[in-house]
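Visitor: Next comes the structure file model_15.txt, holding compact mmCIF, C-alpha atoms.
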# COMPACT_ATOMS: atom_id res chain seq x y z
CA MET A 24 -44.15 -20.90 -41.85
CA VAL A 25 -45.48 -22.53 -45.00
CA ASN A 26 -49.26 -22.76 -45.18
CA GLY A 27 -49.84 -20.99 -41.92
CA TYR A 28 -49.67 -17.43 -40.66
CA MET A 29 -49.14 -15.99 -37.22
CA PRO A 30 -49.58 -12.23 -37.50
CA LEU A 31 -48.68 -10.04 -34.53
CA SER A 32 -50.93 -7.12 -35.43
CA LEU A 33 -54.59 -6.87 -36.40
CA LYS A 34 -53.71 -4.92 -39.54
CA GLU A 35 -51.44 -7.71 -40.76
CA ALA A 36 -54.05 -10.33 -39.85
CA LEU A 37 -56.78 -8.56 -41.82
CA GLU A 38 -54.56 -8.17 -44.87
CA LEU A 39 -53.73 -11.88 -44.79
CA ARG A 40 -57.39 -12.78 -44.26
CA ALA A 41 -58.37 -10.69 -47.30
CA ALA A 42 -55.62 -12.05 -49.54
CA HIS A 43 -55.81 -15.78 -48.81
CA GLU A 44 -58.23 -18.59 -48.09
CA LEU A 45 -57.58 -18.96 -44.36
CA VAL A 46 -59.25 -20.60 -41.39
CA PRO A 47 -58.98 -18.41 -38.27
CA TYR A 48 -57.45 -20.49 -35.48
CA GLY A 49 -58.17 -19.40 -31.91
CA GLY A 50 -57.48 -22.16 -29.41
CA GLY A 51 -57.77 -25.03 -31.86
CA THR A 52 -59.84 -27.10 -29.47
CA ASP A 53 -62.66 -27.55 -31.97
CA LEU A 54 -60.60 -27.41 -35.17
CA MET A 55 -58.12 -30.06 -34.07
CA ILE A 56 -60.81 -32.65 -33.44
CA GLU A 57 -61.04 -32.85 -37.24
CA GLY A 58 -57.32 -32.16 -37.51
CA GLU A 59 -57.50 -31.40 -41.22
CA LYS A 60 -54.09 -31.28 -42.91
CA ASP A 61 -55.08 -29.59 -46.13
CA VAL A 62 -55.89 -26.27 -44.57
CA CYS A 63 -54.15 -22.96 -44.04
CA TYR A 64 -54.58 -21.53 -40.56
CA LEU A 65 -54.51 -17.91 -39.50
CA PHE A 66 -53.26 -18.13 -35.92
CA VAL A 67 -54.80 -15.18 -34.10
CA ASN A 68 -53.46 -15.90 -30.62
CA LYS A 69 -50.70 -13.32 -30.49
CA ILE A 70 -52.52 -10.24 -31.78
CA ALA A 71 -52.37 -7.71 -28.93
CA GLU A 72 -55.59 -5.94 -30.02
CA MET A 73 -57.45 -9.24 -29.63
CA LYS A 74 -56.06 -10.15 -26.20
CA LYS A 75 -57.34 -7.28 -24.05
CA ILE A 76 -60.24 -7.05 -21.63
CA VAL A 77 -61.18 -3.39 -21.12
CA ASP A 78 -64.05 -1.41 -19.68
CA ASP A 79 -64.83 1.54 -21.97
CA GLY A 80 -67.58 2.95 -19.75
CA GLN A 81 -70.35 1.56 -21.93
CA TYR A 82 -69.20 -1.97 -22.65
CA LEU A 83 -66.86 -4.53 -21.28
CA ARG A 84 -64.79 -5.26 -24.39
CA ILE A 85 -63.46 -8.81 -24.33
CA GLY A 86 -60.73 -9.50 -26.88
CA ALA A 87 -61.68 -12.31 -29.23
CA SER A 88 -58.49 -14.27 -28.57
CA CYS A 89 -58.77 -14.18 -24.80
CA THR A 90 -58.72 -17.73 -23.50
CA PHE A 91 -61.35 -18.98 -21.08
CA THR A 92 -58.68 -19.01 -18.37
CA GLU A 93 -57.92 -15.33 -19.03
CA VAL A 94 -61.62 -14.52 -18.78
CA LEU A 95 -61.83 -16.38 -15.46
CA ASP A 96 -58.76 -14.52 -14.16
CA SER A 97 -60.08 -11.06 -15.10
CA PRO A 98 -61.58 -8.98 -12.28
CA LEU A 99 -63.72 -7.14 -14.87
CA VAL A 100 -65.75 -10.07 -16.21
CA PRO A 101 -69.23 -10.51 -14.64
CA GLN A 102 -69.83 -13.53 -12.43
CA LEU A 103 -72.46 -15.03 -14.74
CA MET A 104 -69.98 -15.24 -17.63
CA LYS A 105 -67.36 -16.69 -15.31
CA GLU A 106 -69.75 -19.31 -14.04
CA ALA A 107 -70.56 -20.46 -17.57
CA VAL A 108 -66.93 -20.39 -18.72
CA SER A 109 -65.78 -22.29 -15.62
CA ARG A 110 -68.06 -25.16 -16.70
CA ILE A 111 -66.37 -25.50 -20.09
CA ALA A 112 -64.41 -28.75 -20.33
CA ALA A 113 -61.35 -28.78 -18.04
CA PRO A 114 -58.30 -26.59 -17.28
CA ALA A 115 -56.20 -27.61 -20.31
CA ILE A 116 -59.05 -26.79 -22.70
CA ARG A 117 -59.80 -23.54 -20.88
CA ASN A 118 -56.13 -22.59 -21.24
CA ALA A 119 -56.39 -22.96 -25.02
CA GLY A 120 -59.99 -22.28 -26.07
CA THR A 121 -60.90 -18.69 -26.90
CA MET A 122 -64.00 -16.52 -26.69
CA ALA A 123 -64.22 -15.99 -30.45
CA GLY A 124 -63.53 -19.65 -31.08
CA ASN A 125 -66.55 -20.54 -28.97
CA ILE A 126 -68.62 -18.19 -31.14
CA GLY A 127 -67.04 -18.98 -34.50
CA ASN A 128 -67.52 -22.73 -34.12
CA GLY A 129 -71.20 -21.94 -34.61
CA SER A 130 -72.65 -24.35 -32.06
CA ALA A 131 -75.79 -23.65 -30.02
CA LYS A 132 -74.11 -25.62 -27.22
CA ALA A 133 -71.35 -23.03 -26.74
CA ASP A 134 -71.45 -22.16 -23.04
CA SER A 135 -70.17 -18.57 -23.32
CA VAL A 136 -72.51 -17.78 -26.23
CA LEU A 137 -75.57 -18.47 -24.05
CA ILE A 138 -74.43 -15.67 -21.76
CA GLU A 139 -73.80 -13.34 -24.70
CA TYR A 140 -77.41 -13.93 -25.79
CA VAL A 141 -78.89 -13.22 -22.39
CA ALA A 142 -76.65 -10.15 -22.01
CA GLY A 143 -77.59 -8.75 -25.41
CA ALA A 144 -73.89 -8.70 -26.34
CA LYS A 145 -72.57 -7.40 -29.64
CA LEU A 146 -69.65 -8.49 -31.77
CA ARG A 147 -67.13 -6.15 -33.34
CA LEU A 148 -66.28 -7.54 -36.76
CA VAL A 149 -63.39 -6.04 -38.67
CA SER A 150 -62.00 -6.41 -42.18
CA VAL A 151 -59.74 -4.39 -44.46
CA ARG A 152 -62.96 -2.80 -45.77
CA GLY A 153 -63.97 -1.43 -42.38
CA GLU A 154 -65.81 -2.60 -39.33
CA ARG A 155 -69.32 -3.26 -38.08
CA VAL A 156 -70.95 -4.09 -34.77
CA VAL A 157 -73.53 -6.89 -34.89
CA PRO A 158 -75.83 -8.11 -32.10
CA ILE A 159 -75.06 -11.73 -31.23
CA GLU A 160 -78.62 -12.80 -32.11
CA ALA A 161 -78.23 -11.42 -35.63
CA PHE A 162 -74.77 -12.94 -36.02
CA TYR A 163 -76.17 -16.48 -35.73
CA LYS A 164 -78.27 -17.14 -38.80
CA GLY A 165 -78.62 -20.88 -38.27
CA ARG A 166 -76.65 -23.94 -37.33
CA LYS A 167 -73.02 -23.23 -38.28
CA GLU A 168 -74.29 -20.27 -40.32
CA LEU A 169 -72.71 -17.02 -39.25
CA ASP A 170 -72.96 -13.44 -40.46
CA LEU A 171 -69.20 -13.30 -41.02
CA ALA A 172 -67.71 -12.31 -44.38
CA LYS A 173 -64.75 -14.26 -45.72
CA ASP A 174 -62.39 -11.36 -45.04
CA GLU A 175 -63.72 -10.52 -41.56
CA LEU A 176 -62.47 -11.43 -38.11
CA ILE A 177 -64.32 -11.34 -34.80
CA VAL A 178 -62.14 -8.88 -32.90
CA GLU A 179 -64.07 -8.07 -29.73
CA ILE A 180 -67.13 -9.11 -27.78
CA LEU A 181 -69.01 -6.11 -26.38
CA LEU A 182 -70.76 -7.06 -23.17
CA PRO A 183 -73.09 -4.52 -21.52
CA ARG A 184 -71.44 -3.49 -18.25
CA THR A 185 -74.47 -3.97 -16.05
CA GLY A 186 -77.64 -6.04 -15.96
CA LEU A 187 -76.19 -9.50 -15.33
CA GLU A 188 -75.93 -9.30 -11.55
CA ASN A 189 -79.25 -10.93 -10.65
CA TYR A 190 -79.06 -14.19 -12.58
CA PHE A 191 -80.02 -17.84 -12.60
CA TYR A 192 -77.79 -20.24 -14.53
CA GLN A 193 -77.83 -23.99 -15.05
CA LYS A 194 -75.83 -26.28 -17.28
CA VAL A 195 -77.14 -29.79 -17.67
CA GLY A 196 -74.38 -32.17 -18.67
CA ALA A 197 -73.66 -35.85 -18.26
CA ARG A 198 -70.77 -35.30 -15.85
CA ASN A 199 -69.07 -32.55 -13.84
CA ALA A 200 -66.03 -31.90 -16.01
CA LEU A 201 -65.51 -32.26 -19.76
CA ALA A 202 -69.25 -32.16 -20.34
CA ILE A 203 -70.85 -30.85 -23.49
CA SER A 204 -74.12 -29.15 -22.56
CA ARG A 205 -77.19 -31.30 -23.00
CA LEU A 206 -79.05 -28.16 -22.21
CA SER A 207 -78.14 -24.85 -20.71
CA PHE A 208 -80.22 -22.03 -19.32
CA ALA A 209 -79.56 -18.47 -18.25
CA GLY A 210 -82.06 -15.96 -16.94
CA VAL A 211 -81.42 -12.44 -15.69
CA LEU A 212 -83.75 -10.06 -13.94
CA HIS A 213 -83.33 -6.35 -13.39
CA LEU A 214 -85.63 -4.87 -10.76
CA GLU A 215 -85.99 -1.21 -9.86
CA ASP A 216 -88.21 -0.22 -6.94
CA GLY A 217 -90.00 -3.56 -7.18
CA VAL A 218 -90.70 -3.18 -10.90
CA ILE A 219 -89.21 -5.44 -13.57
CA ARG A 220 -87.19 -3.13 -15.78
CA ASP A 221 -85.66 -5.92 -17.77
CA ILE A 222 -85.81 -9.68 -17.97
CA ALA A 223 -83.89 -11.93 -20.34
CA VAL A 224 -84.08 -15.68 -20.80
CA ALA A 225 -81.93 -17.83 -23.08
CA PHE A 226 -81.75 -21.54 -23.79
CA GLY A 227 -78.66 -23.29 -25.14
CA ALA A 228 -78.26 -26.66 -26.87
CA VAL A 229 -81.97 -26.82 -27.74
CA ALA A 230 -82.15 -25.76 -31.37
CA ASN A 231 -79.84 -24.68 -34.19
CA THR A 232 -78.89 -21.50 -32.36
CA VAL A 233 -79.19 -20.35 -28.77
CA LEU A 234 -82.83 -19.28 -28.27
CA ARG A 235 -84.06 -15.98 -26.88
CA PHE A 236 -87.57 -14.64 -27.38
CA ARG A 237 -87.74 -10.90 -26.70
CA ASP A 238 -91.47 -10.69 -27.39
CA ILE A 239 -92.19 -13.15 -24.58
CA GLU A 240 -89.87 -11.26 -22.22
CA HIS A 241 -91.96 -8.14 -22.85
CA MET A 242 -94.93 -9.82 -21.14
CA LEU A 243 -93.24 -9.15 -17.78
CA ILE A 244 -91.40 -5.89 -18.39
CA GLY A 245 -92.88 -2.96 -16.45
CA LYS A 246 -94.73 -5.28 -14.06
CA THR A 247 -94.29 -5.62 -10.31
CA ILE A 248 -93.37 -9.03 -8.93
CA ALA A 249 -96.97 -9.50 -7.77
CA GLU A 250 -98.29 -8.65 -11.25
CA ALA A 251 -95.67 -10.88 -12.86
CA LYS A 252 -96.80 -13.79 -10.67
CA LYS A 253 -100.28 -13.51 -12.17
CA GLU A 254 -98.72 -13.72 -15.66
CA ARG A 255 -96.52 -16.69 -14.73
CA ALA A 256 -98.68 -19.42 -16.27
CA ALA A 257 -99.14 -17.50 -19.52
CA PHE A 258 -95.41 -16.70 -19.60
CA ILE A 259 -94.46 -20.39 -19.29
CA ALA A 260 -97.12 -21.36 -21.85
CA ALA A 261 -95.66 -18.86 -24.31
CA TYR A 262 -92.24 -20.53 -24.03
CA ASP A 263 -93.87 -23.94 -24.32
CA ALA A 264 -95.34 -22.83 -27.66
CA ALA A 265 -92.20 -21.06 -28.88
CA ILE A 266 -89.52 -23.65 -28.13
CA ASN A 267 -89.19 -26.19 -30.86
CA PRO A 268 -86.23 -28.40 -29.94
CA THR A 269 -84.21 -30.30 -32.52
CA ARG A 270 -83.55 -33.96 -31.92
CA GLY A 271 -79.93 -34.59 -31.06
CA ARG A 272 -78.11 -36.85 -28.65
CA VAL A 273 -81.11 -36.38 -26.39
CA SER A 274 -84.75 -36.40 -27.46
CA ALA A 275 -86.74 -33.28 -28.30
CA GLU A 276 -89.26 -34.18 -25.59
CA TYR A 277 -86.54 -34.30 -22.96
CA ARG A 278 -85.15 -30.98 -24.09
CA LYS A 279 -88.54 -29.27 -24.00
CA ALA A 280 -89.32 -30.66 -20.52
CA VAL A 281 -85.96 -29.53 -19.12
CA CYS A 282 -86.28 -26.07 -20.72
CA LEU A 283 -89.61 -25.50 -19.01
CA ASN A 284 -88.40 -26.96 -15.70
CA LEU A 285 -85.43 -24.59 -15.69
CA LEU A 286 -87.66 -21.67 -16.63
CA ARG A 287 -89.90 -22.51 -13.64
CA ALA A 288 -86.83 -22.81 -11.40
CA PHE A 289 -85.67 -19.36 -12.55
CA LEU A 290 -89.06 -17.82 -11.81
CA ASP A 291 -89.21 -19.58 -8.42
CA ASP A 292 -85.71 -18.33 -7.60
CA LYS A 293 -86.75 -14.75 -8.34
CA GLY A 294 -90.05 -14.98 -6.48
CA ILE A 295 -92.22 -14.83 -9.63
CA MET B 202 -43.77 -16.55 -44.56
CA SER B 203 -41.65 -19.52 -45.45
CA ASP B 204 -39.65 -20.15 -42.29
CA ALA B 205 -39.69 -23.26 -40.20
CA ILE B 206 -41.67 -23.21 -36.98
CA ARG B 207 -39.39 -22.23 -34.14
CA PHE B 208 -40.03 -23.21 -30.54
CA THR B 209 -38.28 -24.44 -27.41
CA LEU B 210 -38.78 -28.11 -26.62
CA ASN B 211 -37.62 -29.32 -23.22
CA GLY B 212 -35.14 -26.46 -23.08
CA GLU B 213 -33.74 -26.90 -26.60
CA GLU B 214 -34.25 -24.55 -29.53
CA THR B 215 -36.18 -26.53 -32.12
CA LEU B 216 -37.05 -25.93 -35.77
CA TYR B 217 -39.91 -27.84 -37.34
CA ASN B 218 -40.14 -27.89 -41.11
CA GLY B 219 -43.39 -29.81 -41.51
CA ASN B 220 -46.99 -28.72 -42.00
CA PRO B 221 -48.21 -26.07 -39.50
CA ALA B 222 -51.50 -28.01 -39.38
CA ASP B 223 -49.72 -31.08 -37.94
CA ARG B 224 -50.87 -32.14 -34.51
CA LEU B 225 -48.40 -31.40 -31.72
CA LEU B 226 -49.11 -34.78 -30.08
CA ASP B 227 -48.15 -36.69 -33.24
CA VAL B 228 -45.04 -34.60 -33.83
CA LEU B 229 -43.83 -35.00 -30.23
CA ARG B 230 -44.22 -38.77 -30.39
CA GLU B 231 -43.21 -39.48 -33.97
CA THR B 232 -40.69 -36.79 -34.91
CA TYR B 233 -39.09 -36.15 -31.54
CA LYS B 234 -39.70 -39.64 -30.06
CA LEU B 235 -41.08 -38.20 -26.84
CA THR B 236 -43.31 -41.16 -26.13
CA GLY B 237 -44.01 -40.17 -22.54
CA VAL B 238 -46.69 -38.03 -24.16
CA LYS B 239 -49.57 -40.51 -24.48
CA CYS B 240 -52.39 -40.59 -26.98
CA GLY B 241 -55.72 -41.49 -25.45
CA CYS B 242 -58.55 -39.88 -27.36
CA LYS B 243 -57.31 -37.17 -29.75
CA GLU B 244 -60.26 -34.97 -28.82
CA GLY B 245 -59.26 -33.26 -25.60
CA GLU B 246 -61.24 -35.58 -23.36
CA CYS B 247 -58.63 -37.61 -21.49
CA GLY B 248 -55.55 -35.48 -20.74
CA ALA B 249 -53.06 -38.30 -21.44
CA CYS B 250 -51.30 -36.06 -23.98
CA SER B 251 -50.93 -33.08 -21.59
CA VAL B 252 -47.82 -30.93 -21.94
CA LEU B 253 -46.87 -27.55 -20.55
CA MET B 254 -46.98 -24.74 -23.10
CA ASP B 255 -45.53 -21.49 -21.77
CA GLY B 256 -46.15 -22.93 -18.30
CA GLU B 257 -49.82 -23.75 -18.87
CA LEU B 258 -51.35 -27.20 -19.08
CA ILE B 259 -52.39 -27.95 -22.67
CA ASN B 260 -53.71 -31.02 -24.46
CA SER B 261 -51.12 -31.59 -27.18
CA CYS B 262 -53.74 -33.36 -29.33
CA MET B 263 -55.59 -30.04 -29.64
CA VAL B 264 -52.66 -27.96 -30.87
CA ALA B 265 -51.53 -27.38 -34.44
CA LEU B 266 -47.77 -26.97 -34.78
CA GLY B 267 -48.10 -23.46 -36.18
CA ARG B 268 -49.56 -22.36 -32.86
CA CYS B 269 -46.28 -23.38 -31.19
CA GLU B 270 -44.24 -20.68 -32.96
CA GLY B 271 -42.22 -18.87 -30.29
CA SER B 272 -43.53 -20.97 -27.42
CA ASN B 273 -41.86 -23.03 -24.74
CA ILE B 274 -43.01 -26.65 -24.60
CA VAL B 275 -42.18 -29.02 -21.78
CA THR B 276 -43.11 -32.71 -21.87
CA ILE B 277 -42.77 -35.23 -19.06
CA GLU B 278 -39.29 -36.07 -20.38
CA GLY B 279 -38.13 -32.50 -19.80
CA PHE B 280 -40.06 -32.04 -16.60
CA SER B 281 -38.59 -35.21 -15.08
CA LYS B 282 -35.25 -33.43 -14.75
CA THR B 283 -36.63 -30.81 -12.36
CA GLU B 284 -36.75 -30.53 -8.60
CA HIS B 285 -40.54 -30.14 -8.76
CA PHE B 286 -40.74 -33.51 -10.48
CA GLN B 287 -38.72 -35.19 -7.71
CA VAL B 288 -41.25 -34.05 -5.12
CA ILE B 289 -44.30 -35.05 -7.17
CA ASP B 290 -42.73 -38.40 -8.13
CA LYS B 291 -41.99 -39.26 -4.50
CA ALA B 292 -45.50 -38.26 -3.41
CA TYR B 293 -47.19 -40.40 -6.09
CA ALA B 294 -44.98 -43.36 -5.12
CA ALA B 295 -45.63 -42.90 -1.40
CA VAL B 296 -49.36 -43.57 -1.73
CA SER B 297 -49.24 -45.90 -4.76
CA ALA B 298 -51.09 -43.35 -6.87
CA VAL B 299 -49.95 -45.15 -10.03
CA GLN B 300 -51.35 -48.36 -11.41
CA CYS B 301 -51.15 -48.92 -15.17
CA GLY B 302 -49.39 -45.58 -15.54
CA TYR B 303 -50.87 -44.46 -18.85
CA CYS B 304 -52.42 -41.28 -17.44
CA ILE B 305 -49.51 -40.46 -15.17
CA PRO B 306 -47.33 -38.25 -17.42
CA GLY B 307 -50.39 -36.02 -17.95
CA MET B 308 -51.43 -36.29 -14.32
CA VAL B 309 -47.96 -35.25 -13.12
CA LEU B 310 -47.92 -32.22 -15.45
CA ALA B 311 -51.45 -31.29 -14.33
CA THR B 312 -50.17 -31.49 -10.74
CA GLU B 313 -47.30 -29.16 -11.62
CA ALA B 314 -49.61 -26.67 -13.39
CA LEU B 315 -51.96 -26.71 -10.40
CA LEU B 316 -49.24 -26.20 -7.78
CA VAL B 317 -47.65 -23.36 -9.75
CA LYS B 318 -50.98 -21.53 -9.69
CA THR B 319 -52.14 -22.72 -6.26
CA PRO B 320 -49.26 -23.94 -4.06
CA HIS B 321 -51.60 -24.99 -1.23
CA PRO B 322 -54.74 -26.28 -2.95
CA THR B 323 -57.87 -27.49 -1.19
CA GLU B 324 -59.17 -30.94 -2.10
CA GLU B 325 -61.76 -29.31 -4.35
CA GLU B 326 -59.09 -27.26 -6.12
CA ILE B 327 -57.06 -30.44 -6.66
CA ARG B 328 -60.05 -32.24 -8.15
CA THR B 329 -60.79 -29.27 -10.43
CA GLY B 330 -57.12 -28.97 -11.40
CA LEU B 331 -57.00 -32.64 -12.42
CA SER B 332 -60.52 -32.75 -13.87
CA GLY B 333 -59.31 -32.98 -17.47
CA ASN B 334 -57.06 -35.96 -16.73
CA LEU B 335 -58.87 -39.27 -16.68
CA CYS B 336 -57.58 -42.29 -14.77
CA ARG B 337 -59.37 -45.61 -15.16
CA CYS B 338 -57.39 -47.49 -12.49
CA THR B 339 -57.01 -45.64 -9.24
CA GLY B 340 -60.38 -44.06 -8.58
CA TYR B 341 -58.52 -40.76 -8.08
CA ASN B 342 -58.38 -40.72 -4.28
CA ALA B 343 -54.75 -41.85 -4.12
CA ILE B 344 -53.83 -39.25 -6.74
CA VAL B 345 -55.55 -36.48 -4.77
CA LYS B 346 -53.68 -37.66 -1.70
CA ALA B 347 -50.39 -37.61 -3.65
CA VAL B 348 -50.98 -34.00 -4.69
CA GLN B 349 -51.68 -33.08 -1.07
CA ILE B 350 -48.40 -34.73 -0.02
CA ALA B 351 -46.48 -33.00 -2.83
CA ALA B 352 -47.89 -29.62 -1.76
CA LYS B 353 -46.84 -30.29 1.83
CA GLU B 354 -43.43 -31.82 1.16
CA GLY B 355 -42.62 -29.27 -1.51
CA ASP B 356 -43.68 -26.32 0.63
CA GLY B 357 -41.80 -23.26 -0.61
CA LEU B 358 -40.82 -24.83 -3.94
CA TRP B 359 -43.93 -23.61 -5.74
Take the structure from the file and write it as structure tokens.

Guide:
Amino acid sequence: MVNGYMPLSLKEALELRAAHELVPYGGGTDLMIEGEKDVCYLFVNKIAEMKKIVDDGQYLRIGASCTFTEVLDSPLVPQLMKEAVSRIAAPAIRNAGTMAGNIGNGSAKADSVLIEYVAGAKLRLVSVRGERVVPIEAFYKGRKELDLAKDELIVEILLPRTGLENYFYQKVGARNALAISRLSFAGVLHLEDGVIRDIAVAFGAVANTVLRFRDIEHMLIGKTIAEAKKERAAFIAAYDAAINPTRGRVSAEYRKAVCLNLLRAFLDDKGI
Amino acid sequence: MSDAIRFTLNGEETLYNGNPADRLLDVLRETYKLTGVKCGCKEGECGACSVLMDGELINSCMVALGRCEGSNIVTIEGFSKTEHFQVIDKAYAAVSAVQCGYCIPGMVLATEALLVKTPHPTEEEIRTGLSGNLCRCTGYNAIVKAVQIAAKEGDGLW
């Protein structure tokens, strides 16, 4: 293949990535919209190390080149991730699009990335120089700005094995299928003996990156539901102050209003 | 690497010597003259360019040729020679599920991909299975009906 590489092992892929100016190609569903001709692709679809979904006891490790369909078919993947992935586009796109492609495209509208934020997922990045594990929130530095060196590949997504069971998820789009998120919301709550051990809230398609504010979440951690109810107004007000939507296809005012409505719906759903 | 891209196209071993960044849709239509593959939007929104790639429904507008290395591609031209096609074709005709016809090659391949995975789909599964294939004529109900008939008439085939 001239001007294109399809390595079958990670080692070969990393050597090629280090030696040439290459664009990693997962499913192609974002890249081919531009359909640039003067580009050299590194096709990462057939690398066995990037196609597995395994439970290592601590993390669910989702191979970067797993397609959305493969994620939906896996018995290991949590329901919240499946719900978000099932809302991506339509079957043909889900058969092609990959988990790392959704991340690497750098959009705050990426439906699977919202779940990675709320889960506190990490990314395993590998190059010929070595490897590092980066929290998803640190990986996104801004719109289309990623903490990914020119010789690195996203190889795995590390999803905490528990904590996503009690969730609230909404995607607001203009139609049922083939919809790009106008706004997306995910909230998870972890209760133990009536006490909030953990709460996470993330907003997609609002700003340059998915938004999650850990300091605001701390307002409710360690509280009972009854105590959390008393904090509800202050909790919502803190998000109102923190969320600063960018103007896009829909207005900033609309985005802010829907963010807060979905936050209220999440709290209502969980009895807070 | 300096080889041509090697893949199977409608059952025939094929070598492509062009740019790996070329769009599968364009190559199917222009190089191989498989014009049953339609171009609607070139951004994965309409499904008119659907083909089967290793048995899975794929929008050919969203695939670079290099990705096809080693894969098995079936377009409507190849699929029309199969027994599955005969059943689907008859079912679409029986309820007049075709009007202008532009979406139909993609719709038929989406039907095949659905029935392979789910031989006896519910109405909801049919609508989800065809959700990436837009039709501006029929209003979809006749197509859903056709898929139900194909599933029934082709019982045991899928």

Visitor: From the set B:Asp227, B:Ile274, B:Gly245, B:Val238, which residue has the shortest atom-to-atom contact distance to Thr215 in chain B, counting all atoms listed in the file?

Guide: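 Counting all atoms listed in the file, the residue closest to Thr215 in chain B is B:Ile274.
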
Visitor: Just the residues within 9 Å of Ala202 in chain A, please, counting all atoms listed in the file, with nothing from its chain fewer than 6 positions along; format it as a ChimeraX atom specification.

Guide: /A:110-113,195-196

Visitor: Compile the contact shell of range 71-78 of chain A as a short mmCIF file (atom, residue, chain, number, x, y, z; two decimals) with C-alpha atoms, in the coordinates of the input: residues with an atom at most 10 Å away, counting only C-alpha atoms, same-chain residues fewer than 5 positions apart removed.

Guide:
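Output file around_33.cif follows:
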data_model
loop_
_atom_site.label_atom_id
_atom_site.label_comp_id
_atom_site.auth_asym_id
_atom_site.auth_seq_id
_atom_site.Cartn_x
_atom_site.Cartn_y
_atom_site.Cartn_z
CA LEU A 31 -48.68 -10.04 -34.53
CA SER A 32 -50.93 -7.12 -35.43
CA LEU A 33 -54.59 -6.87 -36.40
CA LYS A 34 -53.71 -4.92 -39.54
CA LEU A 83 -66.86 -4.53 -21.28
CA ARG A 84 -64.79 -5.26 -24.39
CA ILE A 85 -63.46 -8.81 -24.33
CA GLY A 86 -60.73 -9.50 -26.88
CA ALA A 87 -61.68 -12.31 -29.23
CA SER A 88 -58.49 -14.27 -28.57
CA CYS A 89 -58.77 -14.18 -24.80
CA THR A 90 -58.72 -17.73 -23.50
CA GLU A 93 -57.92 -15.33 -19.03
CA VAL A 94 -61.62 -14.52 -18.78
CA SER A 97 -60.08 -11.06 -15.10
CA PRO A 98 -61.58 -8.98 -12.28
CA LEU A 99 -63.72 -7.14 -14.87
CA VAL A 100 -65.75 -10.07 -16.21
CA THR A 121 -60.90 -18.69 -26.90
CA ALA A 123 -64.22 -15.99 -30.45
CA ILE A 177 -64.32 -11.34 -34.80
CA VAL A 178 -62.14 -8.88 -32.90
CA GLU A 179 -64.07 -8.07 -29.73
CA ILE A 180 -67.13 -9.11 -27.78
CA LEU A 181 -69.01 -6.11 -26.38
CA LEU A 182 -70.76 -7.06 -23.17
CA PRO A 183 -73.09 -4.52 -21.52
CA ARG A 184 -71.44 -3.49 -18.25
#

Visitor: Would you give me, as a tab-separated table, each residue of chain B having an atom within 7 Å of an atom of chain A, along with its shortest atom pair and that distance in Å to one decimal, using only C-alpha atoms and sorting by chain and residue number?

Guide:
residue	atom	partner	partner_atom	distance
B:Met202	CA	A:Met24	CA	5.1
B:Ser203	CA	A:Met24	CA	4.6
B:Asp204	CA	A:Met24	CA	4.6
B:Ala205	CA	A:Met24	CA	5.3
B:Ile206	CA	A:Met24	CA	5.9
B:Pro221	CA	A:Gly27	CA	5.9
B:Ala222	CA	A:Lys60	CA	5.5
B:Asp223	CA	A:Lys60	CA	6.6
B:Lys243	CA	A:Ile56	CA	6.8
B:Glu244	CA	A:Ile56	CA	5.2
B:Glu246	CA	A:Leu201	CA	6.5
B:Glu257	CA	A:Asn118	CA	6.8
B:Leu258	CA	A:Ala115	CA	5.0
B:Ile259	CA	A:Ala115	CA	4.5
B:Asn260	CA	A:Ala115	CA	5.9
B:Met263	CA	A:Met55	CA	5.1
B:Val264	CA	A:Gly51	CA	6.0
B:Gly267	CA	A:Gly27	CA	6.5
B:Arg268	CA	A:Phe66	CA	6.4
B:Gly330	CA	A:Pro114	CA	6.5
B:Ser332	CA	A:Ala113	CA	5.8
B:Gly333	CA	A:Ala113	CA	4.7

Visitor: Quick one: pull the distance between CA of Thr232 in chain A and CA of Ala172 in chain A, Å, one decimal.

Guide: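 These two atoms are separated by 18.8 Å.
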
Visitor: Provide the CA of Thr283 in chain B to CA of Lys353 in chain B distance in Å, to one decimal place.

Guide: 17.5 Å

Visitor: To one decimal place, how far is CA of Arg278 in chain A from CA of Val229 in chain A in Å?

Guide: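 Those two atoms sit 6.4 Å apart.
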
Visitor: Find the residues around Ile222 in chain A up to 9 Å (all atoms listed in the file counted), leave out those fewer than 6 positions away in its own chain, and share them as a PyMOL selection string.

Guide: chain A and resi 141+210-214+240-241+243-244

Visitor: Could you please give me, as a ChimeraX atom specification, the residues of protein, DNA or RNA lying at most 6 Å from (-72.1, -12.9, -33.3) in the coordinate frame of the file, considering all atoms listed in the file?

Guide: /A:146,159,162-163

Visitor: Pick out the closest residue to Arg337 in chain B from this set: B:Ile305, B:Ala295, B:Leu226, B:Cys250. Count all atoms listed in the file.

Guide: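 When distances to Arg337 in chain B are compared using all atoms listed in the file, the smallest one comes from B:Ile305.
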
Visitor: So that I can see what lies close to Phe286 in chain B, please list as a PyMOL selection string the residues with an atom at most 10 Å from it, counting only C-alpha atoms and leaving out residues fewer than 3 positions away in the same chain.

Guide: chain B and resi 277+279-283+289-292+309-310+312-313+351

Visitor: With all atoms listed in the file as the basis for distance, which of B:Met254, B:Arg207, B:Pro306, B:Tyr293 is at the shortest distance from Thr236 in chain B?

Guide: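 So, comparing all the options, the nearest one is B:Pro306.
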
Visitor: So which residues touch Gly129 in chain A within 8 Å, counting all atoms listed in the file, skipping near sequence neighbours fewer than 4 positions away, as an NGL selection string?

Guide: :A and (125 or 133 or 163 or 166-169)
